[in-house]
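Asks: entry.csv is reproduced in full below (CSV, C-alpha atoms).
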```csv
chain,number,residue,atom,x,y,z
S,1,MET,CA,-34.5,7.8,-46.3
S,2,GLU,CA,-36.9,9.9,-48.3
S,3,GLN,CA,-39.7,8.0,-46.9
S,4,THR,CA,-38.7,8.6,-43.3
S,5,ALA,CA,-38.3,12.3,-44.0
S,6,LEU,CA,-41.8,12.4,-45.4
S,7,SER,CA,-43.3,10.5,-42.5
S,8,VAL,CA,-41.7,12.9,-40.1
S,9,THR,CA,-43.4,15.9,-41.7
S,10,VAL,CA,-46.6,14.0,-42.0
S,11,ILE,CA,-46.5,13.1,-38.3
S,12,PHE,CA,-45.7,16.7,-37.4
S,13,PHE,CA,-48.6,18.2,-39.2
S,14,ALA,CA,-51.0,15.4,-38.2
S,15,ALA,CA,-50.1,16.0,-34.6
S,16,VAL,CA,-50.9,19.7,-35.0
S,17,PHE,CA,-54.1,19.4,-37.0
S,18,THR,CA,-55.8,16.1,-37.5
S,19,ASN,CA,-54.7,14.3,-34.4
S,20,ASN,CA,-54.6,17.3,-32.1
S,21,ILE,CA,-53.6,16.0,-28.7
S,22,LEU,CA,-56.1,18.1,-26.9
S,23,LEU,CA,-59.1,18.0,-29.1
S,24,THR,CA,-59.0,14.4,-30.3
S,25,ASN,CA,-57.1,12.6,-27.5
S,26,PHE,CA,-58.4,14.8,-24.7
S,27,LEU,CA,-55.0,15.1,-23.1
S,28,GLY,CA,-54.1,18.0,-20.9
S,29,MET,CA,-57.7,19.0,-20.3
S,30,CYS,CA,-57.2,19.9,-16.6
S,31,SER,CA,-54.8,22.8,-17.2
S,32,PHE,CA,-56.6,23.6,-20.4
S,33,LEU,CA,-59.8,24.3,-18.5
S,34,ALA,CA,-58.1,26.1,-15.6
S,35,ILE,CA,-55.5,28.3,-17.3
S,36,SER,CA,-57.4,29.4,-20.5
S,37,ARG,CA,-59.1,32.4,-19.0
S,38,GLU,CA,-56.7,34.9,-20.7
S,39,VAL,CA,-54.6,34.9,-23.8
S,40,LYS,CA,-51.4,35.9,-22.0
S,41,SER,CA,-51.3,33.1,-19.5
S,42,SER,CA,-52.4,30.6,-22.3
S,43,LEU,CA,-49.4,31.7,-24.3
S,44,GLY,CA,-47.0,31.2,-21.5
S,45,LEU,CA,-48.3,27.8,-20.7
S,46,GLY,CA,-48.4,26.8,-24.3
S,47,LEU,CA,-44.8,27.8,-24.9
S,48,ALA,CA,-43.7,25.8,-21.8
S,49,VAL,CA,-45.7,22.8,-23.0
S,50,ILE,CA,-44.1,22.9,-26.5
S,51,PHE,CA,-40.6,23.0,-25.0
S,52,VAL,CA,-41.1,20.3,-22.4
S,53,MET,CA,-43.0,18.0,-24.7
S,54,THR,CA,-40.4,18.2,-27.5
S,55,SER,CA,-37.5,17.6,-25.2
S,56,THR,CA,-39.1,14.9,-23.0
S,57,SER,CA,-40.3,12.9,-26.0
S,58,ALA,CA,-36.7,12.7,-27.2
S,59,LEU,CA,-35.4,12.0,-23.7
S,60,ASN,CA,-37.9,9.3,-22.9
S,61,TYR,CA,-37.3,7.7,-26.3
S,62,ILE,CA,-33.6,7.3,-25.5
S,63,VAL,CA,-34.3,6.1,-22.0
S,64,TYR,CA,-36.9,3.6,-23.2
S,65,TYR,CA,-35.0,2.1,-26.1
S,66,TYR,CA,-31.5,2.2,-24.6
S,67,LEU,CA,-32.2,1.5,-20.9
S,68,LEU,CA,-35.6,-0.1,-20.4
S,69,VAL,CA,-35.7,-2.4,-23.4
S,70,PRO,CA,-32.2,-4.0,-23.1
S,71,PHE,CA,-32.8,-4.6,-19.3
S,72,GLU,CA,-36.4,-5.8,-19.9
S,73,LEU,CA,-37.9,-3.3,-17.6
S,74,VAL,CA,-40.6,-2.0,-19.9
S,75,HIS,CA,-43.3,-2.5,-17.3
S,76,PHE,CA,-41.6,0.2,-15.2
S,77,ARG,CA,-41.9,2.7,-18.0
S,78,TYR,CA,-44.7,4.7,-16.3
S,79,ILE,CA,-42.6,5.3,-13.2
S,80,VAL,CA,-39.5,6.0,-15.3
S,81,PHE,CA,-41.2,8.4,-17.6
S,82,ILE,CA,-42.8,10.4,-14.9
S,83,ILE,CA,-39.5,10.7,-13.1
S,84,VAL,CA,-37.7,11.8,-16.2
S,85,ILE,CA,-40.4,14.4,-16.9
S,86,ALA,CA,-40.3,15.7,-13.3
S,87,ALA,CA,-36.6,15.8,-13.2
S,88,PHE,CA,-36.4,17.6,-16.5
S,89,VAL,CA,-38.9,20.2,-15.5
S,90,GLN,CA,-37.1,20.8,-12.3
S,91,LEU,CA,-33.8,21.2,-14.1
S,92,ILE,CA,-35.3,23.6,-16.7
S,93,GLU,CA,-36.8,25.6,-14.0
S,94,MET,CA,-33.4,26.1,-12.3
S,95,ILE,CA,-31.7,26.9,-15.6
S,96,ILE,CA,-34.2,29.4,-16.7
S,97,ASP,CA,-34.1,31.0,-13.2
S,98,ARG,CA,-30.3,31.5,-13.6
S,99,VAL,CA,-30.0,32.4,-17.2
S,100,SER,CA,-33.0,34.6,-17.9
S,101,PRO,CA,-35.1,36.0,-15.1
S,102,ARG,CA,-37.4,37.6,-17.6
S,103,LEU,CA,-38.3,34.3,-19.2
S,104,TYR,CA,-38.7,32.9,-15.7
S,105,VAL,CA,-41.4,35.4,-15.0
S,106,ILE,CA,-43.3,34.3,-18.1
S,107,LEU,CA,-42.8,30.6,-17.8
S,108,GLY,CA,-41.8,30.0,-14.2
S,109,ILE,CA,-45.2,29.6,-12.6
S,110,PHE,CA,-46.3,27.2,-15.4
S,111,LEU,CA,-43.4,24.8,-15.2
S,112,PRO,CA,-44.5,22.9,-12.0
S,113,LEU,CA,-47.9,22.5,-13.5
S,114,ILE,CA,-46.5,20.7,-16.5
S,115,THR,CA,-45.2,17.7,-14.5
S,116,VAL,CA,-48.8,16.6,-13.9
S,117,ASN,CA,-50.0,17.6,-17.4
S,118,CYS,CA,-51.2,14.4,-18.9
S,119,ALA,CA,-50.5,15.6,-22.4
S,120,ILE,CA,-46.7,15.2,-21.8
S,121,LEU,CA,-46.9,11.7,-20.4
S,122,GLY,CA,-49.5,10.9,-23.1
S,123,VAL,CA,-47.2,11.8,-25.9
S,124,CYS,CA,-44.5,9.7,-24.5
S,125,LEU,CA,-46.9,6.7,-24.2
S,126,PHE,CA,-48.3,7.2,-27.7
S,127,MET,CA,-44.8,7.2,-29.2
S,128,ILE,CA,-44.1,3.9,-27.6
S,129,ILE,CA,-47.4,2.3,-28.6
S,130,ARG,CA,-47.1,3.6,-32.2
S,131,GLN,CA,-43.5,2.5,-32.4
S,132,TYR,CA,-42.1,5.8,-33.8
S,133,SER,CA,-38.4,6.3,-34.5
S,134,LEU,CA,-36.5,9.0,-32.7
S,135,MET,CA,-37.1,11.6,-35.4
S,136,GLN,CA,-40.7,10.7,-35.6
S,137,SER,CA,-41.1,10.9,-31.8
S,138,VAL,CA,-39.5,14.4,-31.7
S,139,ALA,CA,-41.8,15.5,-34.6
S,140,TYR,CA,-44.8,14.1,-32.8
S,141,GLY,CA,-43.8,15.8,-29.5
S,142,ALA,CA,-43.2,19.2,-31.2
S,143,GLY,CA,-46.4,18.9,-33.3
S,144,GLY,CA,-48.4,17.8,-30.2
S,145,GLY,CA,-47.1,20.8,-28.3
S,146,ILE,CA,-47.8,23.3,-31.0
S,147,GLY,CA,-51.3,21.8,-31.5
S,148,TRP,CA,-51.9,22.1,-27.8
S,149,MET,CA,-50.8,25.7,-27.7
S,150,LEU,CA,-52.9,26.5,-30.8
S,151,ALA,CA,-56.0,25.1,-29.0
S,152,ILE,CA,-55.4,26.8,-25.7
S,153,LEU,CA,-54.6,30.2,-27.4
S,154,ALA,CA,-57.8,30.0,-29.4
S,155,MET,CA,-59.7,29.1,-26.2
S,156,GLY,CA,-58.0,32.0,-24.3
S,157,GLY,CA,-59.1,34.4,-27.0
S,158,ILE,CA,-62.7,33.2,-27.1
S,159,ARG,CA,-63.0,33.2,-23.3
S,160,GLN,CA,-61.7,36.7,-23.1
S,161,LYS,CA,-64.6,37.8,-25.4
S,162,LEU,CA,-67.0,35.6,-23.5
S,163,LYS,CA,-66.7,37.7,-20.4
S,164,ALA,CA,-69.2,40.1,-21.8
S,165,ALA,CA,-71.7,37.4,-23.0
S,166,PRO,CA,-74.8,36.6,-21.1
S,167,ILE,CA,-74.4,32.9,-20.3
S,168,PRO,CA,-76.9,30.9,-18.1
S,169,ARG,CA,-75.4,30.7,-14.7
S,170,PRO,CA,-75.1,27.0,-14.3
S,171,LEU,CA,-73.2,26.9,-17.6
S,172,GLU,CA,-70.6,29.4,-16.6
S,173,GLY,CA,-67.0,28.3,-16.3
S,174,PRO,CA,-66.3,24.7,-17.2
S,175,GLY,CA,-69.6,24.1,-18.9
S,176,ILE,CA,-69.3,26.7,-21.6
S,177,THR,CA,-65.6,26.0,-22.0
S,178,LEU,CA,-66.3,22.3,-22.7
S,179,ILE,CA,-69.0,23.3,-25.3
S,180,ILE,CA,-66.5,25.7,-27.0
S,181,ALA,CA,-63.9,22.9,-26.9
S,182,GLY,CA,-66.5,20.7,-28.6
S,183,LEU,CA,-67.1,23.3,-31.3
S,184,MET,CA,-63.3,23.6,-31.8
S,185,ALA,CA,-63.0,19.9,-32.1
S,186,LEU,CA,-65.7,20.0,-34.8
S,187,ALA,CA,-63.7,22.6,-36.6
S,188,PHE,CA,-60.5,20.6,-36.4
S,189,MET,CA,-62.3,17.6,-37.8
S,190,GLY,CA,-62.4,19.6,-41.0
S,191,PHE,CA,-58.7,18.9,-41.4
S,192,SER,CA,-59.1,15.2,-41.0
S,193,GLY,CA,-59.3,14.4,-44.7
S,194,MET,CA,-55.9,15.9,-45.4
S,195,ILE,CA,-53.6,13.4,-43.6
S,196,GLN,CA,-54.0,10.3,-41.6
S,197,ILE,CA,-51.9,8.7,-38.9
S,198,GLN,CA,-53.4,5.8,-37.0
Z,1,MET,CA,-70.4,6.7,15.1
Z,2,ALA,CA,-67.7,5.3,12.8
Z,3,ARG,CA,-70.4,4.2,10.4
Z,4,SER,CA,-72.1,7.6,10.2
Z,5,LYS,CA,-68.7,9.2,9.5
Z,6,SER,CA,-68.1,6.7,6.7
Z,7,ARG,CA,-71.5,7.5,5.3
Z,8,LYS,CA,-70.7,11.2,5.4
Z,9,ILE,CA,-67.5,10.6,3.4
Z,10,ILE,CA,-69.3,8.5,0.8
Z,11,VAL,CA,-72.0,11.1,0.3
Z,12,LYS,CA,-69.3,13.8,0.0
Z,13,GLY,CA,-67.4,11.7,-2.7
Z,14,LEU,CA,-70.5,10.8,-4.7
Z,15,TRP,CA,-72.3,14.1,-4.7
Z,16,LYS,CA,-71.1,17.1,-2.6
Z,17,GLU,CA,-67.5,17.0,-3.7
Z,18,ASN,CA,-67.9,14.9,-6.8
Z,19,PRO,CA,-64.5,15.0,-8.5
Z,20,VAL,CA,-65.8,15.4,-12.1
Z,21,PHE,CA,-68.6,18.0,-12.0
Z,22,ARG,CA,-67.8,19.8,-8.8
Z,23,GLN,CA,-64.1,20.0,-8.9
Z,24,ILE,CA,-63.6,19.5,-12.6
Z,25,LEU,CA,-60.8,17.0,-12.1
Z,26,GLY,CA,-59.9,14.0,-14.2
Z,27,ILE,CA,-61.7,15.3,-17.3
Z,28,CYS,CA,-59.2,13.8,-19.7
Z,29,SER,CA,-60.1,10.2,-19.1
Z,30,ALA,CA,-63.8,11.1,-18.6
Z,31,LEU,CA,-63.8,12.1,-22.2
Z,32,ALA,CA,-61.5,9.7,-23.8
Z,33,VAL,CA,-62.7,6.3,-22.6
Z,34,THR,CA,-66.4,6.9,-22.7
Z,35,ASN,CA,-67.2,5.9,-26.3
Z,36,LEU,CA,-68.0,2.3,-25.2
Z,37,MET,CA,-69.5,1.3,-21.9
Z,38,ILE,CA,-67.4,-1.8,-21.6
Z,39,ASN,CA,-64.2,0.4,-21.7
Z,40,THR,CA,-65.8,2.7,-19.2
Z,41,LEU,CA,-66.5,-0.2,-16.8
Z,42,ILE,CA,-62.9,-1.4,-16.9
Z,43,MET,CA,-61.5,2.1,-16.6
Z,44,SER,CA,-63.8,2.9,-13.6
Z,45,ILE,CA,-62.8,-0.3,-11.8
Z,46,SER,CA,-59.1,0.5,-12.4
Z,47,VAL,CA,-59.5,4.1,-11.1
Z,48,VAL,CA,-61.4,3.0,-8.0
Z,49,PHE,CA,-58.8,0.4,-7.3
Z,50,VAL,CA,-55.8,2.7,-7.8
Z,51,LEU,CA,-57.5,5.5,-5.8
Z,52,ALA,CA,-58.5,3.4,-2.8
Z,53,MET,CA,-55.1,1.6,-2.6
Z,54,SER,CA,-52.9,4.7,-3.1
Z,55,ASN,CA,-55.0,6.6,-0.5
Z,56,LEU,CA,-54.5,3.7,1.9
Z,57,THR,CA,-50.7,3.6,1.2
Z,58,VAL,CA,-50.3,7.4,1.5
Z,59,SER,CA,-52.3,7.4,4.7
Z,60,LEU,CA,-50.2,4.6,6.2
Z,61,LEU,CA,-47.0,6.3,5.3
Z,62,ARG,CA,-48.2,9.8,6.3
Z,63,ASN,CA,-46.1,10.0,9.5
Z,64,VAL,CA,-42.8,8.8,7.9
Z,65,THR,CA,-43.0,10.8,4.6
Z,66,PRO,CA,-40.9,14.0,4.7
Z,67,PRO,CA,-43.2,16.8,3.6
Z,68,ARG,CA,-40.7,18.2,1.1
Z,69,ILE,CA,-40.7,15.1,-1.1
Z,70,ARG,CA,-44.3,14.0,-0.5
Z,71,MET,CA,-45.5,14.8,-4.0
Z,72,MET,CA,-42.8,12.5,-5.5
Z,73,VAL,CA,-43.6,9.8,-3.0
Z,74,GLN,CA,-47.3,10.0,-3.9
Z,75,VAL,CA,-46.6,9.9,-7.6
Z,76,LEU,CA,-44.4,6.8,-7.1
Z,77,ILE,CA,-47.1,5.1,-5.0
Z,78,ILE,CA,-49.8,5.8,-7.6
Z,79,ALA,CA,-47.5,4.7,-10.4
Z,80,SER,CA,-46.8,1.4,-8.7
Z,81,TYR,CA,-50.5,0.6,-8.5
Z,82,VAL,CA,-51.1,1.7,-12.1
Z,83,ILE,CA,-48.4,-0.7,-13.2
Z,84,ILE,CA,-50.2,-3.5,-11.4
Z,85,VAL,CA,-53.5,-2.6,-13.1
Z,86,ASP,CA,-51.7,-2.4,-16.5
Z,87,ILE,CA,-50.1,-5.9,-16.1
Z,88,MET,CA,-53.4,-7.4,-14.9
Z,89,LEU,CA,-55.3,-5.9,-17.9
Z,90,LYS,CA,-52.7,-7.1,-20.4
Z,91,ALA,CA,-52.8,-10.6,-18.9
Z,92,TYR,CA,-56.6,-11.1,-18.6
Z,93,LEU,CA,-58.2,-8.6,-20.9
Z,94,PRO,CA,-55.8,-8.0,-23.7
Z,95,ASP,CA,-58.5,-6.6,-26.1
Z,96,ILE,CA,-59.6,-3.9,-23.7
Z,97,SER,CA,-56.1,-3.1,-22.7
Z,98,GLU,CA,-55.5,-2.5,-26.4
Z,99,ALA,CA,-58.6,-0.3,-26.7
Z,100,LEU,CA,-57.7,1.8,-23.7
Z,101,GLY,CA,-54.2,2.2,-25.0
Z,102,PRO,CA,-52.2,4.9,-23.2
Z,103,TYR,CA,-55.2,5.9,-21.0
Z,104,VAL,CA,-54.4,3.2,-18.4
Z,105,GLY,CA,-51.0,4.7,-17.9
Z,106,LEU,CA,-52.5,8.1,-17.8
Z,107,ILE,CA,-54.3,7.2,-14.6
Z,108,ILE,CA,-51.0,8.4,-13.0
Z,109,THR,CA,-51.6,11.9,-14.0
Z,110,ASN,CA,-55.3,11.8,-13.3
Z,111,CYS,CA,-55.6,14.8,-11.0
Z,112,ILE,CA,-58.3,13.1,-8.9
Z,113,ILE,CA,-55.9,10.7,-7.4
Z,114,MET,CA,-53.2,13.2,-6.7
Z,115,GLY,CA,-55.9,15.5,-5.3
Z,116,ARG,CA,-57.3,13.0,-2.9
Z,117,CYS,CA,-53.9,11.8,-1.7
Z,118,GLU,CA,-52.8,15.4,-1.1
Z,119,GLY,CA,-56.1,16.7,0.2
Z,120,PHE,CA,-57.4,13.8,2.3
Z,121,ALA,CA,-55.1,10.8,2.8
Z,122,ARG,CA,-52.1,12.8,3.9
Z,123,SER,CA,-53.9,14.0,7.0
Z,124,ASN,CA,-56.3,11.2,7.8
Z,125,PRO,CA,-56.1,7.6,9.3
Z,126,PRO,CA,-56.1,4.6,6.9
Z,127,TRP,CA,-59.7,3.5,7.1
Z,128,PRO,CA,-61.4,6.8,6.3
Z,129,SER,CA,-58.9,7.3,3.5
Z,130,VAL,CA,-59.8,4.0,1.9
Z,131,VAL,CA,-63.5,4.9,2.2
Z,132,ASP,CA,-62.8,8.4,0.7
Z,133,GLY,CA,-60.8,6.9,-2.2
Z,134,PHE,CA,-63.6,4.4,-2.9
Z,135,ALA,CA,-66.3,7.1,-2.7
Z,136,CYS,CA,-64.5,9.5,-5.0
Z,137,GLY,CA,-63.7,6.8,-7.4
Z,138,CYS,CA,-67.4,5.8,-7.5
Z,139,GLY,CA,-68.4,9.4,-8.0
Z,140,TYR,CA,-66.1,9.5,-10.9
Z,141,ALA,CA,-67.4,6.2,-12.2
Z,142,VAL,CA,-71.1,7.4,-12.1
Z,143,ILE,CA,-70.4,10.4,-14.3
Z,144,LEU,CA,-68.3,8.3,-16.7
Z,145,PHE,CA,-71.2,5.8,-17.0
Z,146,LEU,CA,-73.7,8.6,-17.6
Z,147,VAL,CA,-71.6,10.0,-20.4
Z,148,ALA,CA,-70.7,6.6,-21.8
Z,149,PHE,CA,-74.4,5.4,-21.8
Z,150,PHE,CA,-75.6,8.3,-23.8
Z,151,ARG,CA,-72.6,8.3,-26.2
Z,152,GLU,CA,-72.9,4.6,-26.9
Z,153,PHE,CA,-76.7,4.6,-27.0
Z,154,LEU,CA,-77.0,7.5,-29.5
Z,155,GLY,CA,-73.8,6.7,-31.4
Z,156,PHE,CA,-74.1,3.0,-31.9
Z,157,GLY,CA,-77.6,2.3,-30.7
Z,158,THR,CA,-76.3,-0.3,-28.3
Z,159,VAL,CA,-75.9,-0.7,-24.5
Z,160,PHE,CA,-72.9,-2.8,-23.5
Z,161,GLY,CA,-72.6,-4.0,-27.1
Z,162,MET,CA,-76.2,-5.3,-27.3
Z,163,SER,CA,-78.3,-3.4,-29.8
Z,164,VAL,CA,-81.4,-1.9,-28.2
Z,165,LEU,CA,-82.5,0.5,-30.9
Z,166,PRO,CA,-84.1,-0.7,-34.2
Z,167,ALA,CA,-81.9,-0.9,-37.3
Z,168,GLN,CA,-83.7,2.1,-38.9
Z,169,TRP,CA,-82.3,4.3,-36.1
Z,170,THR,CA,-79.9,6.8,-37.6
Z,171,ARG,CA,-76.7,6.6,-35.7
Z,172,TRP,CA,-75.4,9.9,-34.3
Z,173,THR,CA,-71.9,9.2,-35.4
Z,174,ILE,CA,-70.8,12.5,-33.9
Z,175,MET,CA,-71.5,11.2,-30.4
Z,176,VAL,CA,-68.7,8.6,-30.6
Z,177,MET,CA,-66.2,11.1,-32.0
Z,178,ALA,CA,-64.4,13.7,-30.0
Z,179,PRO,CA,-66.9,16.6,-30.2
Z,180,GLY,CA,-69.7,14.5,-28.8
Z,181,ALA,CA,-67.7,13.8,-25.7
Z,182,PHE,CA,-67.3,17.5,-25.0
Z,183,PHE,CA,-70.9,18.2,-25.6
Z,184,MET,CA,-72.1,15.4,-23.4
Z,185,LEU,CA,-69.9,16.3,-20.5
Z,186,ALA,CA,-70.8,20.0,-20.8
Z,187,GLY,CA,-74.5,19.0,-20.8
Z,188,ILE,CA,-74.2,16.9,-17.7
Z,189,ILE,CA,-72.3,19.7,-15.9
Z,190,TRP,CA,-75.0,22.1,-17.0
Z,191,ILE,CA,-77.8,20.0,-15.7
Z,192,VAL,CA,-76.2,19.1,-12.4
Z,193,ARG,CA,-75.2,22.7,-11.7
Z,194,SER,CA,-78.7,24.0,-12.3
Z,195,PHE,CA,-79.9,21.6,-9.7
Z,196,GLU,CA,-77.3,22.7,-7.3
Z,197,LYS,CA,-78.2,26.3,-7.7
Z,198,LYS,CA,-80.9,26.1,-5.1
Z,199,GLU,CA,-78.5,24.5,-2.5
Z,200,GLU,CA,-76.0,27.2,-3.2
Z,201,GLU,CA,-78.4,30.0,-2.5
Z,202,GLN,CA,-78.9,28.5,0.9
Z,203,ILE,CA,-75.3,28.0,1.7
Z,204,THR,CA,-73.8,31.0,-0.1
Z,205,GLY,CA,-70.2,32.0,-0.2
Z,206,ARG,CA,-69.1,29.5,-2.8
Z,207,SER,CA,-67.4,30.9,-5.8
```
Can the structure in the file be given as structure tokens, please?
Replies:
Amino acid sequence: MEQTALSVTVIFFAAVFTNNILLTNFLGMCSFLAISREVKSSLGLGLAVIFVMTSTSALNYIVYYYLLVPFELVHFRYIVFIIVIAAFVQLIEMIIDRVSPRLYVILGIFLPLITVNCAILGVCLFMIIRQYSLMQSVAYGAGGGIGWMLAILAMGGIRQKLKAAPIPRPLEGPGITLIIAGLMALAFMGFSGMIQIQ
Amino acid sequence: MARSKSRKIIVKGLWKENPVFRQILGICSALAVTNLMINTLIMSISVVFVLAMSNLTVSLLRNVTPPRIRMMVQVLIIASYVIIVDIMLKAYLPDISEALGPYVGLIITNCIIMGRCEGFARSNPPWPSVVDGFACGCGYAVILFLVAFFREFLGFGTVFGMSVLPAQWTRWTIMVMAPGAFFMLAGIIWIVRSFEKKEEEQITGRS
């Protein structure tokens, strides 16, 4: 029992720092490059990702182990996962719209983007491959989401400052963003001695 | 006539609208699988296959798909082909399937495929759609190979697993780790874009 509790915290922190889903697994790059121009939108997208990632990792865990495995349909997991994610995002969008229009203004436009964010599907696939338990999967989902937000927030902040910098023209936009991401990945490698998950 | 049109589509996919360095799509897998060339080869073949086939299917169904649910239909079509690729890899190349891990499944969310289905196949007849899917897939593959070649060459001193550099060569371990991928891709985008600058001055109006 103690051991599982330990491994849950380890997985959580590893997902945030050492195995950052964005900087070591390169997931969610498309929206990372497109949305990270400003801190404000980065924050909105980051929050939406944390929420959806945590919930869908739990949801997909249940679907996978209680529906797909008993019926031997594991090969269909890609289709099933993507449907679960899309349906969940749609549902959340409707709920937020009803319950809190203010929150909808912040998160609303980012929610449809999340369905095609590979980080969400990536987390779900990783948890199956690494055979996590339910608690571990949720910890991995939450950690992954927080790590992703951390990275995009930092990038948003840097790019805001970057507007005033003289960058060679061909390097503007995606080029310089990738280089910064590389430097951030280098910095995050500094954490790698602390904890290890496979 | 038809041939020149196909050629135009191929040129567009490979260079003018190359998905990776022009449209910045599909970056995730471009970074993740390029540490070894053999992984890159398998990944590229898979992407070309999925892209061409799902373009064909979307194009064939373009008149019977209700516009409101077309995204969902496209995702399901793509996912079906990805499942085929996944099962094939597991059956015939289990080692590589293991090494690619979740990235085979992540072809589904590769924005290139969605982008081509939505942007081209939805409004074009089947044959040009297949050609377009094939061309864009190849454009993607070329960039992947460039990145993978340099990463494997500098990182391990090998090409396709055969060592080409002498043993005294100091391996640039950083190249096979995450930051190296970012730097390599940024470098390629930089070089390509500085070539295209001249073209742009003639055409103008591109953001």
Asks: Please identify all polymer residues within 9 Å of range 109-116 of chain S, counting only C-alpha atoms, omitting same-chain residues fewer than 4 positions from it, and present them as a PyMOL selection string.
Replies: (chain S and resi 28+31+41+44-45+48-49+52+82+85-87+89-90+92-93+104-105+120-121) or (chain Z and resi 108-111)
Asks: Is it possible to get the residues within 12 Å of (-72.1, 10.4, 6.3) (coordinates as in the file, counting only C-alpha atoms) written as a PyMOL selection string?
Replies: chain Z and resi 1-16+128+131-132+135
Asks: Write out as a ChimeraX atom specification every residue belonging to chain S that has an atom at most 10 Å from any atom of chain Z, counting only C-alpha atoms.
Replies: /S:22-31,33-34,75-80,82-83,86,115-129,168-172,174-189
Asks: Calculated over only C-alpha atoms, which of the candidates S:Gln131, S:Thr9, S:Ser137, S:Asn20 has the smallest distance to Met149 in chain S?
Replies: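 So, comparing all the options, the nearest one is S:Asn20.
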Asks: Just checking: using only C-alpha atoms, which residue out of Z:Pro125, Z:Leu51, Z:Ile69, Z:Ile42 ends up closest to Asp95 in chain Z?
Replies: Z:Ile42
Asks: Kindly give the distance, in Å, that separates CA of Thr40 in chain Z and CA of Ile112 in chain Z, rounded to a single decimal.
Replies: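 If I compute the distance from CA of Thr40 in chain Z to CA of Ile112 in chain Z, I get 16.4 Å.
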Asks: So which residues fall inside 6 Å of (-40.6, 20.7, -27.3) if we count only C-alpha atoms? Mind giving them as a ChimeraX atom specification?
Replies: /S:50-55,142
